Every structure is written in C-alpha cells, then in structure tokens.
>>> print(open('protein_33.txt').read())   # compact mmCIF, C-alpha atoms
# COMPACT_ATOMS: atom_id res chain seq x y z
CA MET J 1 14.15 88.45 24.18
CA ALA J 2 12.88 86.01 26.81
CA ASN J 3 9.63 84.22 27.51
CA VAL J 4 8.85 83.80 31.19
CA VAL J 5 6.25 81.67 33.00
CA ILE J 6 5.01 82.78 36.42
CA VAL J 7 3.44 80.21 38.75
CA GLY J 8 2.36 80.05 42.38
CA THR J 9 4.32 77.63 44.55
CA GLN J 10 1.89 77.16 47.45
CA TRP J 11 -1.93 77.19 47.60
CA GLY J 12 -2.30 80.41 45.63
CA ASP J 13 -2.52 83.98 46.94
CA GLU J 14 1.28 84.30 46.86
CA GLY J 15 1.21 87.78 45.31
CA LYS J 16 1.56 86.87 41.63
CA GLY J 17 -0.32 89.95 40.46
CA LYS J 18 2.23 92.39 41.80
CA ILE J 19 5.15 90.44 40.34
CA VAL J 20 3.43 90.14 36.96
CA ASP J 21 2.80 93.88 37.01
CA LEU J 22 6.44 94.51 37.86
CA LEU J 23 7.84 92.25 35.13
CA THR J 24 5.43 93.51 32.50
CA GLU J 25 7.72 96.50 32.14
CA SER J 26 10.17 94.12 30.43
CA ALA J 27 7.55 92.14 28.46
CA ASP J 28 5.66 92.98 25.29
CA THR J 29 2.74 90.58 25.79
CA VAL J 30 1.17 89.17 28.97
CA VAL J 31 -1.06 86.08 28.76
CA ARG J 32 -3.21 84.17 31.27
CA PHE J 33 -2.93 80.44 30.55
CA GLN J 34 -5.41 78.74 32.92
CA GLY J 35 -8.06 79.22 35.60
CA GLY J 36 -11.04 81.52 35.69
CA HIS J 37 -12.34 84.46 37.67
CA ASN J 38 -11.95 82.48 40.88
CA ALA J 39 -8.45 83.95 40.91
CA GLY J 40 -7.81 87.45 42.22
CA HIS J 41 -4.85 89.81 42.04
CA THR J 42 -4.61 92.89 44.24
CA LEU J 43 -2.17 95.55 43.07
CA VAL J 44 -1.15 98.78 44.75
CA ILE J 45 0.36 101.35 42.41
CA GLU J 46 1.26 104.76 43.83
CA GLY J 47 -1.12 104.10 46.69
CA LYS J 48 -4.07 103.21 44.41
CA LYS J 49 -5.54 99.72 44.68
CA TYR J 50 -6.59 97.65 41.67
CA ILE J 51 -8.25 94.22 41.86
CA LEU J 52 -8.12 91.97 38.79
CA HIS J 53 -9.67 88.55 38.27
CA LEU J 54 -9.33 87.71 34.57
CA ILE J 55 -7.38 90.38 32.75
CA PRO J 56 -3.59 90.09 33.21
CA SER J 57 -2.00 92.71 35.44
CA GLY J 58 -0.10 94.11 32.47
CA ILE J 59 -3.23 96.02 31.47
CA LEU J 60 -2.13 98.68 33.96
CA ARG J 61 0.91 99.55 31.81
CA SER J 62 0.50 101.39 28.54
CA GLY J 63 1.87 99.92 25.34
CA LYS J 64 1.46 96.29 26.43
CA VAL J 65 -0.76 93.61 24.92
CA CYS J 66 -2.67 91.42 27.39
CA ALA J 67 -4.43 88.21 26.45
CA ILE J 68 -6.53 85.36 27.78
CA GLY J 69 -5.44 81.99 26.44
CA ASN J 70 -7.46 78.95 25.47
CA GLY J 71 -6.63 77.25 28.79
CA VAL J 72 -8.81 79.72 30.70
CA VAL J 73 -12.55 79.29 31.29
CA LEU J 74 -14.27 82.65 30.97
CA ASP J 75 -17.48 84.12 32.35
CA PRO J 76 -18.43 86.91 29.91
CA SER J 77 -20.47 88.79 32.51
CA ALA J 78 -17.53 88.79 34.95
CA LEU J 79 -15.19 89.99 32.19
CA ILE J 80 -17.46 92.86 31.17
CA GLU J 81 -17.81 93.92 34.80
CA GLU J 82 -14.03 93.90 35.21
CA ILE J 83 -13.53 95.97 32.06
CA ASP J 84 -16.11 98.50 33.29
CA ASN J 85 -14.44 98.72 36.70
CA LEU J 86 -11.04 99.35 35.11
CA LYS J 87 -12.49 102.08 32.90
CA GLU J 88 -13.94 103.75 36.00
CA GLN J 89 -10.42 103.79 37.43
CA GLY J 90 -9.04 105.39 34.28
CA VAL J 91 -7.59 102.25 32.69
CA THR J 92 -8.29 101.84 28.97
CA VAL J 93 -9.14 98.34 27.73
CA SER J 94 -9.27 98.24 23.94
CA GLY J 95 -9.17 95.71 21.14
CA SER J 96 -5.52 96.57 20.53
CA SER J 97 -4.42 96.14 24.15
CA PHE J 98 -6.53 93.12 25.13
CA LYS J 99 -7.17 89.83 23.31
CA ILE J 100 -9.24 86.73 24.08
CA SER J 101 -8.61 83.39 22.39
CA SER J 102 -11.57 82.26 20.29
CA LEU J 103 -10.85 78.77 21.70
CA THR J 104 -11.52 79.84 25.30
CA ASN J 105 -14.38 77.85 26.89
CA LEU J 106 -17.22 79.81 28.44
CA ILE J 107 -18.74 79.60 31.90
CA MET J 108 -22.52 79.45 31.65
CA PRO J 109 -25.19 80.19 34.30
CA TYR J 110 -25.87 76.50 34.81
CA HIS J 111 -22.20 75.94 35.62
CA ARG J 112 -22.46 78.33 38.56
CA GLU J 113 -25.63 76.66 39.81
CA LEU J 114 -24.06 73.20 39.54
CA ASP J 115 -20.96 74.35 41.39
CA GLN J 116 -22.95 75.71 44.32
CA ALA J 117 -25.42 72.81 44.41
CA ARG J 118 -22.60 70.27 44.62
CA GLU J 119 -20.89 72.06 47.48
CA LYS J 120 -24.18 72.28 49.34
CA ARG J 121 -24.84 68.58 48.83
CA LYS J 122 -21.38 67.60 50.11
CA GLY J 123 -21.89 69.43 53.39
CA LYS J 124 -18.85 69.09 55.66
CA GLY J 125 -16.97 67.26 52.91
CA LYS J 126 -17.11 70.22 50.50
CA ILE J 127 -14.02 71.23 48.57
CA GLY J 128 -14.36 74.92 49.31
CA THR J 129 -14.79 76.17 45.73
CA THR J 130 -15.68 79.77 44.98
CA GLY J 131 -18.98 78.60 43.49
CA ARG J 132 -18.31 80.50 40.27
CA GLY J 133 -18.75 77.59 37.88
CA ILE J 134 -15.09 76.97 37.14
CA GLY J 135 -15.10 73.20 37.74
CA PRO J 136 -18.30 72.40 35.82
CA ALA J 137 -17.06 74.50 32.89
CA TYR J 138 -13.83 72.50 32.72
CA GLU J 139 -15.88 69.30 32.95
CA ASP J 140 -17.91 70.31 29.91
CA LYS J 141 -14.68 71.16 28.09
CA VAL J 142 -13.22 67.70 28.73
CA ALA J 143 -16.57 66.06 27.93
CA ARG J 144 -16.44 67.80 24.52
CA ARG J 145 -19.69 69.66 25.04
CA GLY J 146 -18.17 73.00 26.06
CA ILE J 147 -19.23 76.24 24.41
CA ARG J 148 -16.25 78.23 23.16
CA MET J 149 -15.87 81.95 22.70
CA GLY J 150 -15.84 81.56 18.93
CA ASP J 151 -19.20 79.75 19.04
CA LEU J 152 -20.91 83.00 20.03
CA TYR J 153 -20.28 84.31 16.52
CA ASN J 154 -21.97 81.39 14.79
CA GLN J 155 -25.50 81.57 16.14
CA GLN J 156 -26.59 78.24 14.69
CA VAL J 157 -23.70 76.42 16.38
CA PHE J 158 -24.20 78.33 19.65
CA GLU J 159 -27.94 77.60 19.81
CA SER J 160 -27.43 73.91 19.02
CA LYS J 161 -24.80 73.50 21.76
CA LEU J 162 -26.84 75.49 24.25
CA ARG J 163 -29.98 73.38 23.68
CA ASP J 164 -28.04 70.14 24.15
CA ASN J 165 -26.30 71.40 27.27
CA LEU J 166 -29.49 72.68 28.85
CA ALA J 167 -31.25 69.37 28.23
CA TYR J 168 -28.44 67.60 30.09
CA HIS J 169 -27.73 70.06 32.90
CA ASN J 170 -31.36 71.02 33.60
CA PHE J 171 -32.15 67.34 34.06
CA MET J 172 -29.34 66.99 36.62
CA LEU J 173 -30.20 70.21 38.40
CA GLU J 174 -33.87 69.34 38.74
CA ASN J 175 -33.73 65.62 39.41
CA TYR J 176 -30.50 65.16 41.34
CA TYR J 177 -29.68 68.47 42.99
CA ASP J 178 -33.24 69.76 43.44
CA SER J 179 -32.07 73.15 42.14
CA GLN J 180 -33.35 75.75 39.72
CA THR J 181 -33.26 75.13 35.97
CA PHE J 182 -32.53 77.57 33.15
CA ASN J 183 -34.40 78.95 30.16
CA PHE J 184 -32.93 78.65 26.67
CA GLU J 185 -34.14 82.00 25.33
CA THR J 186 -32.97 83.93 28.38
CA ILE J 187 -29.42 82.58 28.18
CA ARG J 188 -29.27 82.87 24.39
CA ASP J 189 -30.32 86.52 24.39
CA ASP J 190 -28.02 87.41 27.28
CA TYR J 191 -24.97 85.82 25.69
CA MET J 192 -25.72 87.28 22.26
CA ARG J 193 -25.82 90.72 23.89
CA MET J 194 -22.50 90.13 25.65
CA ALA J 195 -20.96 88.73 22.47
CA GLU J 196 -21.38 92.13 20.79
CA ILE J 197 -19.54 93.86 23.65
CA ILE J 198 -16.69 91.33 23.67
CA ALA J 199 -16.32 90.97 19.87
CA PRO J 200 -13.48 93.53 19.49
CA PHE J 201 -11.26 91.45 21.80
CA VAL J 202 -11.69 87.98 20.24
CA ASP J 203 -8.72 86.76 18.20
CA ASP J 204 -6.39 83.83 17.44
CA VAL J 205 -4.11 84.26 20.46
CA ALA J 206 -1.86 81.31 19.62
CA LEU J 207 -1.14 82.80 16.19
CA LEU J 208 -0.44 86.23 17.69
CA LEU J 209 2.04 84.70 20.14
CA SER J 210 3.82 82.79 17.39
CA LYS J 211 4.31 86.10 15.58
CA ASP J 212 5.66 87.64 18.79
CA ILE J 213 8.19 84.83 19.12
CA ALA J 214 9.24 85.11 15.49
CA ALA J 215 9.73 88.86 15.92
CA GLY J 216 11.80 88.44 19.08
CA ARG J 217 9.25 90.04 21.39
CA SER J 218 9.09 88.96 25.04
CA ILE J 219 6.08 87.11 26.48
CA LEU J 220 5.04 86.81 30.12
CA LEU J 221 2.77 83.82 30.80
CA GLU J 222 0.70 84.18 33.95
CA GLY J 223 -0.88 81.32 35.89
CA ALA J 224 -3.60 81.46 38.53
CA GLN J 225 -3.83 79.72 41.92
CA GLY J 226 -0.80 77.70 43.04
CA THR J 227 0.99 74.39 42.55
CA MET J 228 -0.72 72.72 45.52
CA LEU J 229 -4.07 73.43 43.86
CA ASP J 230 -3.02 71.73 40.61
CA VAL J 231 -5.51 69.03 39.63
CA GLU J 232 -2.64 66.63 38.93
CA HIS J 233 0.05 67.50 41.47
CA GLY J 234 -1.85 69.24 44.26
CA THR J 235 -3.70 68.05 47.36
CA TYR J 236 -6.34 66.20 45.32
CA PRO J 237 -9.35 66.34 45.61
CA PHE J 238 -8.96 69.68 47.43
CA VAL J 239 -7.68 71.37 44.27
CA THR J 240 -8.84 73.58 41.44
CA SER J 241 -10.07 72.13 38.13
CA SER J 242 -7.13 73.07 35.92
CA THR J 243 -3.42 72.40 35.68
CA THR J 244 -1.67 75.26 37.45
CA VAL J 245 1.96 74.19 36.92
CA ALA J 246 4.39 75.65 34.39
CA SER J 247 4.02 72.86 31.86
CA SER J 248 0.39 73.83 31.24
CA ALA J 249 1.46 77.26 30.00
CA SER J 250 2.34 75.83 26.59
CA SER J 251 -0.98 74.14 25.95
CA GLY J 252 -2.90 76.94 27.67
CA VAL J 253 -1.82 79.55 25.14
CA GLY J 254 -0.73 77.50 22.15
CA ILE J 255 3.07 77.73 22.04
CA GLY J 256 5.69 74.99 22.25
CA PRO J 257 7.59 74.27 25.48
CA THR J 258 10.89 75.10 23.81
CA ALA J 259 9.74 78.73 23.62
CA ILE J 260 9.89 79.05 27.42
CA ASP J 261 13.15 80.43 28.79
CA TYR J 262 12.52 80.97 32.51
CA VAL J 263 10.08 79.72 35.16
CA LEU J 264 9.57 82.05 38.13
CA GLY J 265 7.89 80.67 41.24
CA ILE J 266 6.06 83.14 43.48
CA VAL J 267 6.39 82.18 47.13
CA LYS J 268 5.06 83.85 50.26
CA ALA J 269 7.43 84.17 53.24
CA TYR J 270 4.90 82.12 55.20
CA THR J 271 2.00 79.94 54.00
CA THR J 272 -1.71 80.52 53.44
CA ARG J 273 -4.60 78.49 52.14
CA VAL J 274 -8.26 79.18 51.31
CA GLY J 275 -10.95 76.51 51.43
CA GLY J 276 -10.83 72.92 52.65
CA GLY J 277 -7.99 70.44 52.55
CA PRO J 278 -4.84 69.51 54.50
CA PHE J 279 -2.51 72.27 55.68
CA PRO J 280 0.25 70.87 57.94
CA THR J 281 1.71 74.18 59.19
CA GLU J 282 -1.62 75.91 59.84
CA LEU J 283 -1.58 78.03 63.01
CA PHE J 284 -4.50 78.42 65.38
CA ASP J 285 -2.75 80.74 67.84
CA ALA J 286 -1.90 84.41 68.21
CA VAL J 287 0.89 84.15 65.62
CA GLY J 288 -1.56 82.85 63.03
CA GLU J 289 -3.94 85.68 63.84
CA ARG J 290 -1.10 88.18 63.54
CA LEU J 291 -0.04 86.88 60.12
CA ALA J 292 -3.62 87.16 58.90
CA LYS J 293 -4.07 90.68 60.23
CA VAL J 294 -0.71 92.16 59.23
CA GLY J 295 -0.70 90.32 55.89
CA GLY J 296 -4.27 91.35 55.06
CA GLU J 297 -5.07 87.73 54.35
CA VAL J 298 -8.51 88.05 52.81
CA GLY J 299 -9.26 86.73 49.32
CA ALA J 300 -9.42 89.42 46.62
CA THR J 301 -12.09 87.47 44.76
CA THR J 302 -14.16 85.87 47.52
CA GLY J 303 -13.52 87.97 50.60
CA ARG J 304 -12.87 84.74 52.50
CA ALA J 305 -10.31 84.72 55.29
CA ARG J 306 -7.17 82.76 54.46
CA ARG J 307 -5.80 80.11 56.78
CA CYS J 308 -2.26 81.04 57.84
CA GLY J 309 0.80 79.02 58.85
CA TRP J 310 4.57 78.86 58.90
CA PHE J 311 6.64 78.48 55.72
CA ASP J 312 6.51 74.88 54.47
CA ALA J 313 9.72 73.97 52.65
CA VAL J 314 8.34 70.53 51.73
CA VAL J 315 5.54 72.20 49.77
CA VAL J 316 7.79 74.68 47.98
CA ASN J 317 10.46 72.08 47.25
CA HIS J 318 7.73 69.98 45.61
CA ALA J 319 6.69 73.02 43.58
CA ALA J 320 10.28 73.65 42.52
CA ARG J 321 10.55 70.11 41.22
CA VAL J 322 7.26 69.79 39.31
CA ASN J 323 7.56 73.28 37.78
CA GLY J 324 11.28 73.19 37.04
CA LEU J 325 11.70 76.56 38.73
CA THR J 326 14.54 78.81 37.63
CA GLY J 327 14.11 81.36 40.40
CA LEU J 328 11.82 82.52 43.22
CA ALA J 329 10.01 85.77 43.91
CA LEU J 330 9.67 86.00 47.70
CA THR J 331 6.71 88.09 48.82
CA LYS J 332 5.39 89.51 52.10
CA LEU J 333 8.69 89.26 53.95
CA ASP J 334 7.66 92.46 55.74
CA VAL J 335 4.72 90.63 57.39
CA LEU J 336 7.29 88.76 59.51
CA ASP J 337 8.82 92.01 60.82
CA GLY J 338 8.80 92.06 64.61
CA LEU J 339 8.39 88.34 65.25
CA GLU J 340 10.88 87.15 67.84
CA THR J 341 11.15 83.59 66.51
CA LEU J 342 10.39 82.13 63.08
CA LYS J 343 9.67 78.51 62.24
CA ILE J 344 10.26 76.68 58.96
CA CYS J 345 8.76 73.27 58.26
CA VAL J 346 11.64 71.13 56.92
CA ALA J 347 9.92 67.72 56.95
CA TYR J 348 6.85 65.87 58.26
CA GLU J 349 6.33 63.11 60.79
CA ARG J 350 3.69 60.44 60.46
CA ASN J 351 3.36 57.40 62.73
CA GLY J 352 6.88 57.99 64.04
CA MET J 353 8.37 58.11 60.52
CA ARG J 354 10.04 61.15 58.99
CA ILE J 355 8.74 62.22 55.57
CA ASP J 356 10.95 64.56 53.54
CA THR J 357 8.89 64.78 50.35
CA MET J 358 5.29 65.66 49.58
CA PRO J 359 2.91 62.70 50.10
CA THR J 360 1.00 61.76 46.98
CA ASP J 361 -2.43 61.68 48.62
CA ALA J 362 -4.31 64.17 50.79
CA SER J 363 -5.25 61.67 53.49
CA THR J 364 -1.58 60.95 54.24
CA LEU J 365 -0.77 64.67 54.29
CA GLU J 366 -3.70 65.26 56.65
CA ALA J 367 -2.09 62.90 59.17
CA CYS J 368 1.34 64.55 58.96
CA VAL J 369 2.80 66.68 61.73
CA PRO J 370 5.35 69.35 60.72
CA ILE J 371 8.97 69.09 61.85
CA TYR J 372 10.16 72.62 62.47
CA GLU J 373 13.49 74.35 62.37
CA GLU J 374 13.60 77.60 64.36
CA MET J 375 15.40 80.80 63.43
CA PRO J 376 15.62 84.15 65.20
CA GLY J 377 13.34 86.86 63.85
CA TRP J 378 14.20 90.55 63.45
CA SER J 379 13.02 93.72 65.11
CA GLY J 380 13.86 96.12 62.26
CA SER J 381 11.68 96.91 59.27
CA THR J 382 12.11 95.38 55.83
CA VAL J 383 9.46 97.57 54.19
CA GLY J 384 10.71 99.25 51.04
CA CYS J 385 14.31 97.98 51.32
CA LYS J 386 16.12 98.61 48.03
CA ASP J 387 19.11 96.31 48.50
CA LEU J 388 19.92 93.15 50.41
CA ASP J 389 22.50 94.85 52.61
CA SER J 390 19.85 97.16 54.06
CA LEU J 391 17.84 94.19 55.35
CA PRO J 392 18.31 93.08 58.96
CA GLN J 393 20.92 90.31 59.14
CA GLU J 394 18.31 87.88 60.52
CA ALA J 395 16.10 88.56 57.48
CA ARG J 396 19.01 87.82 55.15
CA ASN J 397 19.69 84.61 57.06
CA TYR J 398 16.03 83.61 56.70
CA ILE J 399 16.09 84.19 52.93
CA LYS J 400 19.31 82.22 52.55
CA ARG J 401 17.88 79.29 54.51
CA LEU J 402 14.75 79.22 52.35
CA GLU J 403 16.93 79.14 49.23
CA GLU J 404 18.93 76.21 50.66
CA LEU J 405 15.83 74.21 51.59
CA VAL J 406 14.04 74.80 48.28
CA GLY J 407 17.14 74.54 46.11
CA THR J 408 16.20 77.64 44.14
CA PRO J 409 17.62 81.18 44.36
CA VAL J 410 15.50 84.20 45.23
CA ALA J 411 15.50 86.42 42.13
CA ILE J 412 12.96 88.99 43.33
CA LEU J 413 12.11 90.19 46.83
CA SER J 414 8.87 92.02 47.58
CA THR J 415 9.17 94.31 50.60
CA GLY J 416 5.70 95.85 50.61
CA PRO J 417 2.44 96.02 48.64
CA ASP J 418 3.35 98.93 46.33
CA ARG J 419 4.89 98.37 42.90
CA GLU J 420 8.01 100.30 43.96
CA GLU J 421 8.55 98.24 47.10
CA THR J 422 10.39 95.50 45.25
CA LEU J 423 14.00 94.43 45.02
CA VAL J 424 15.01 92.76 41.74
CA ILE J 425 18.14 90.69 42.39
CA ASP J 426 18.19 88.83 39.06
CA SER J 427 15.59 89.73 36.45
CA PRO J 428 14.03 86.77 34.59
CA PHE J 429 14.21 88.90 31.46
CA GLY J 430 17.89 89.59 31.95
CA LYS J 431 17.33 93.34 32.06
>>> encode(input="protein_33.txt", output="structure tokens")
Amino acid sequence: MANVVIVGTQWGDEGKGKIVDLLTESADTVVRFQGGHNAGHTLVIEGKKYILHLIPSGILRSGKVCAIGNGVVLDPSALIEEIDNLKEQGVTVSGSSFKISSLTNLIMPYHRELDQAREKRKGKGKIGTTGRGIGPAYEDKVARRGIRMGDLYNQQVFESKLRDNLAYHNFMLENYYDSQTFNFETIRDDYMRMAEIIAPFVDDVALLLSKDIAAGRSILLEGAQGTMLDVEHGTYPFVTSSTTVASSASSGVGIGPTAIDYVLGIVKAYTTRVGGGPFPTELFDAVGERLAKVGGEVGATTGRARRCGWFDAVVVNHAARVNGLTGLALTKLDVLDGLETLKICVAYERNGMRIDTMPTDASTLEACVPIYEEMPGWSGSTVGCKDLDSLPQEARNYIKRLEELVGTPVAILSTGPDREETLVIDSPFGK
C-alpha cells in the first residue's frame, strides 16, 4: 500500500495525465485535489486520443474509483459534457466508479462573466486566464459565500445563497464592468436540472478515502497546473487561483499529510508556458518553433499555443524544494531527438549578479537573463525505448545532468505519447 501525490514542476502542461493513467494500474482510487476545468489532460491509449478536464485519468481503467475532492472548483455543465463525451468514446462513468465531494465549490455563470470582464478591463496587463470562472469561484469560496455541491440538494439553502450572490455580482457586473447580468430563475432552474444528473456521484469523499487508508488500499492524488502557477509559490500574480503544490493535496481531499508516502514531480524535458508572465528561457527562434511543432504544444483545454523554451533547472529545483519531491517523471524526451545542441538554464543573471535560486517576485524574474550550460544532442530516436541502455548515450547524459541539477532522481521516463511508450525505472508504488 502506498499513497502518491502527483504534481507539475513547471508551468503546467508537463504530461501529468499520461503518468496518472499509467500509475492508476497500481492504485485503487484516483482523486483530483485542486483546480478546475481550466486544466486539460491528453491521453493516447492504443492510438486513441482522450481529452479530460475534470475527471481523473484513472476513469479509463476498469475497476478503479475516481473522485473530485473538495479543493476543486467545479462547473456542472462542463462536467456533464465531459461525462457525455467519455460515454461516446465507450467509457462508462457511473456512481460506483466516480465520486464528487459534497464540499466541492461550484462555478456559476456569473463567475465566467467576471473572469472574462476582468481580463478585458486589464488589457495588456491581463493574467492570461482561461476565462472559465476559476478565479472568481475561488474568491467566493474564501469570502464564505461560495455555493457547494451539497447545497444543490437543499433547495432553500441554494436559493438563498444564489439570491445573495446575484445581488452582489450583478451589481459589480453592471456598474463596474459594464457587462451582462444574470437572472435568478434561469440559473436556479438550470442548476436544479443538472443537480439531478450529477446526484449519483455526490458523496463524502474524505470519508471514503479514510476507509481506503484503513483498508490498506492505494490512493493516487492528482494535481492540476504546475508549481510555478501556485498562488503562493508561483510567479505571482501570473498564477492560477489555487495551491498547486503537494501540501495542498491533504486539505484538497481531506486526509492527513502523514498518509502521503511519495511525491512525484512531472517535468518536461524542456519548458513551456501558457498565458502571461515571466519565462526566462523562452525561445523566439527556429528551435522554439520546432519544440512547439514536434511537441504538439497546444493547450488541451484552450487550444492556445504554448510558449516554448529550454529546460530551466532553477524552476524545477524550486519545485523540488517546495513540494518535497521523491522522484521525477521526465516527459517528452523524444521531442529533443535530432537537435544538435541542447541548453540547460543553470542560473540567472540580473544586473551583473548571478542568481541561483528562484526570485520571490515576478518583476525580478522578468529582468533575469538565463545562464546556460550546453550539452551535445543526439541523432538517434528515443521513441518507445524500453530500457535506459537502449537510449542514445547523449540522452542518458542529459537525463543524468538534469537529475544532478534538480537533486531528484528520474523514476519514470516517457518516450512517446502512448501509454505503452513509458519506462518505469522506480515505481512510486513499489510495484
């Protein structure tokens, strides 16, 4: 028995979905602990592509229980759409295989409108959110006016909260943002309809997990986005609205930190970022274009092109420290196949001074210039390699150098998009 937390170590999009899917074979329960449907996981299984936004990747394996924890903010309409899409692809989503915490806060239509209106008002200074209402929903949660999943099944409570929220948010939308307002009856009826569809999935997830732990069953806790988008430890204010690091897994699902046995950090063999904010190793040349094209660097949720750059060891070392990483899962190594020279950012320079650790504010990071270490690339292919010895020597050297710089061993190596194109060096579950 082992309980494993999976986190992103960069700005998200590191390939967590595939690794979660892989490790679910050794887990009994898979739980999302934060974020919303602004996250996206693309999985390729036997050549068939699946795109997930809310439901953990484990739903693609039979006999597993998947859950959404209380740390997530959930848009019921997005969830229902995702369930319908999975059913069309032959994937069964039932009340026995999928659970939603009754404590999960809901994303409402006015949250989406607020999100988009704010970005529009900021103009060039916008954060680059997905506009899906994630931030405003978390704000309502912290302000103690959020509507929870369980509230949908007490109509008096739901209507009271909805009236109060609409009075507040409609005023802001109309008088400050000059945006559309929302009708009480329309939202009430829509959410009551969706509540009936979702009812079979709603449960006390924290209690279910405590029973799993007591019975010796294994739990996989899945985070969204990446460490550098953490609202506490990321490139604030260019971050998401939740805590993406490993420590939030406990509060996001309702188990104690002592129940966690292993923290796996997912890291891309280079670096990408979506949206605004500092990105020291970003490339604006042919190499950057090549990484984007070969790596298929387009957001699964938004369709937005990702900014691409060289591997930043300062970023990943920071992630290793704040997450307490046990091991790394290195993804998209194959995207580097054929590059003559590789660069790794080992430190920054600002005003003639060397900086070896992550600056604590975005403005300082924005002014940093990467200090690179160069390594020879490889001409052979790494796609589908089943053991380290079959990798080109230069690829093995690259992996070893990343381990040295980050101070964390590579436990899993992804050598292609398919589930089978993965090399497990040291399983987090010990199997």
>>> closest_residue(input="protein_33.txt", among="J:Gly288, J:Gly8, J:Gly430, J:Gly275", to="Met228 in chain J", atoms="all atoms listed in the file")
J:Gly8
>>> residues_around(input="protein_33.txt", residues="range 111-123 of chain J", least_positions_apart="5", cutoff="8 Å", atoms="all atoms listed in the file", output="ChimeraX atom specification")
/J:128-129,131-137,173,177,179-180
>>> closest_residue(input="protein_33.txt", among="J:Ile344, J:Cys368, J:Val231, J:Ile255", to="Asp212 in chain J", atoms="only C-alpha atoms")
J:Ile255
>>> closest_residue(input="protein_33.txt", among="J:Val202, J:Val287, J:Leu54, J:Ile260", to="Gly36 in chain J", atoms="all atoms listed in the file")
J:Leu54
>>> residues_around(input="protein_33.txt", residues="His169 in chain J", least_positions_apart="5", cutoff="9 Å", atoms="all atoms listed in the file", output="JSON, numbers by chain")
{"J": [110, 111, 114, 164, 174, 181, 182]}
>>> closest_residue(input="protein_33.txt", among="J:Ser26, J:Ser210, J:Ser241, J:Thr364", to="Pro280 in chain J", atoms="only C-alpha atoms")
J:Thr364
>>> residues_near_point(input="protein_33.txt", point="(-6.5, 97.1, 26.1)", cutoff="9 Å", atoms="only C-alpha atoms", output="PDB file with C-alpha atoms, keeping the file's coordinate frame")
ATOM      1  CA  ILE J  59      -3.230  96.020  31.470  1.00  0.00           C
ATOM      2  CA  SER J  62       0.500 101.390  28.540  1.00  0.00           C
ATOM      3  CA  GLY J  63       1.870  99.920  25.340  1.00  0.00           C
ATOM      4  CA  LYS J  64       1.460  96.290  26.430  1.00  0.00           C
ATOM      5  CA  VAL J  65      -0.760  93.610  24.920  1.00  0.00           C
ATOM      6  CA  CYS J  66      -2.670  91.420  27.390  1.00  0.00           C
ATOM      7  CA  VAL J  91      -7.590 102.250  32.690  1.00  0.00           C
ATOM      8  CA  THR J  92      -8.290 101.840  28.970  1.00  0.00           C
ATOM      9  CA  VAL J  93      -9.140  98.340  27.730  1.00  0.00           C
ATOM     10  CA  SER J  94      -9.270  98.240  23.940  1.00  0.00           C
ATOM     11  CA  GLY J  95      -9.170  95.710  21.140  1.00  0.00           C
ATOM     12  CA  SER J  96      -5.520  96.570  20.530  1.00  0.00           C
ATOM     13  CA  SER J  97      -4.420  96.140  24.150  1.00  0.00           C
ATOM     14  CA  PHE J  98      -6.530  93.120  25.130  1.00  0.00           C
ATOM     15  CA  LYS J  99      -7.170  89.830  23.310  1.00  0.00           C
ATOM     16  CA  PHE J 201     -11.260  91.450  21.800  1.00  0.00           C
TER      17      PHE J 201
END
>>> residues_around(input="protein_33.txt", residues="Leu221 in chain J", least_positions_apart="3", cutoff="9 Å", atoms="all atoms listed in the file", output="list in words")
Asn3, Val4, Val5, Ile6, Val7, Val20, Thr29, Val30, Val31, Arg32, Phe33, Ala249 and Val253 of chain J
>>> closest_residue(input="protein_33.txt", among="J:Ile399, J:His41, J:Pro428, J:Glu185", to="Asp261 in chain J", atoms="all atoms listed in the file")
J:Pro428
>>> residues_around(input="protein_33.txt", residues="Phe429 in chain J", least_positions_apart="2", cutoff="12 Å", atoms="only C-alpha atoms", output="PyMOL selection string")
chain J and resi 1-5+22-28+217-220+260-264+326-327+411-412+424-427+431
>>> write_last_selection(input="protein_33.txt", atoms="C-alpha atoms", output="CSV table (one decimal), in the coordinates of the input")
chain,number,residue,atom,x,y,z
J,1,MET,CA,14.2,88.4,24.2
J,2,ALA,CA,12.9,86.0,26.8
J,3,ASN,CA,9.6,84.2,27.5
J,4,VAL,CA,8.8,83.8,31.2
J,5,VAL,CA,6.2,81.7,33.0
J,22,LEU,CA,6.4,94.5,37.9
J,23,LEU,CA,7.8,92.2,35.1
J,24,THR,CA,5.4,93.5,32.5
J,25,GLU,CA,7.7,96.5,32.1
J,26,SER,CA,10.2,94.1,30.4
J,27,ALA,CA,7.6,92.1,28.5
J,28,ASP,CA,5.7,93.0,25.3
J,217,ARG,CA,9.2,90.0,21.4
J,218,SER,CA,9.1,89.0,25.0
J,219,ILE,CA,6.1,87.1,26.5
J,220,LEU,CA,5.0,86.8,30.1
J,260,ILE,CA,9.9,79.0,27.4
J,261,ASP,CA,13.2,80.4,28.8
J,262,TYR,CA,12.5,81.0,32.5
J,263,VAL,CA,10.1,79.7,35.2
J,264,LEU,CA,9.6,82.0,38.1
J,326,THR,CA,14.5,78.8,37.6
J,327,GLY,CA,14.1,81.4,40.4
J,411,ALA,CA,15.5,86.4,42.1
J,412,ILE,CA,13.0,89.0,43.3
J,424,VAL,CA,15.0,92.8,41.7
J,425,ILE,CA,18.1,90.7,42.4
J,426,ASP,CA,18.2,88.8,39.1
J,427,SER,CA,15.6,89.7,36.4
J,431,LYS,CA,17.3,93.3,32.1
>>> closest_residue(input="protein_33.txt", among="J:Phe284, J:Tyr348, J:Tyr270, J:Phe158", to="Glu366 in chain J", atoms="all atoms listed in the file")
J:Tyr348
>>> decode(input="protein_33.txt", residues="range 348-354 of chain J", atoms="N, CA, C and O atoms", output="short mmCIF file (atom, residue, chain, number, x, y, z; two decimals), in the first residue's frame")
data_model
loop_
_atom_site.label_atom_id
_atom_site.label_comp_id
_atom_site.auth_asym_id
_atom_site.auth_seq_id
_atom_site.Cartn_x
_atom_site.Cartn_y
_atom_site.Cartn_z
N TYR J 348 20.49 32.34 -13.20
CA TYR J 348 20.10 33.58 -13.87
C TYR J 348 21.15 34.66 -13.62
O TYR J 348 21.94 34.59 -12.67
N GLU J 349 21.11 35.68 -14.46
CA GLU J 349 21.93 36.87 -14.24
C GLU J 349 21.03 38.09 -14.27
O GLU J 349 20.17 38.23 -15.14
N ARG J 350 21.23 38.96 -13.30
CA ARG J 350 20.47 40.20 -13.23
C ARG J 350 21.38 41.31 -12.73
O ARG J 350 21.98 41.19 -11.66
N ASN J 351 21.51 42.36 -13.53
CA ASN J 351 22.37 43.49 -13.19
C ASN J 351 23.80 43.04 -12.83
O ASN J 351 24.41 43.54 -11.88
N GLY J 352 24.30 42.08 -13.60
CA GLY J 352 25.66 41.60 -13.40
C GLY J 352 25.83 40.64 -12.25
O GLY J 352 26.95 40.18 -11.99
N MET J 353 24.75 40.29 -11.56
CA MET J 353 24.80 39.38 -10.41
C MET J 353 24.21 38.02 -10.79
O MET J 353 23.19 37.95 -11.48
N ARG J 354 24.84 36.98 -10.35
CA ARG J 354 24.35 35.62 -10.58
C ARG J 354 23.29 35.27 -9.53
O ARG J 354 23.48 35.53 -8.34
#
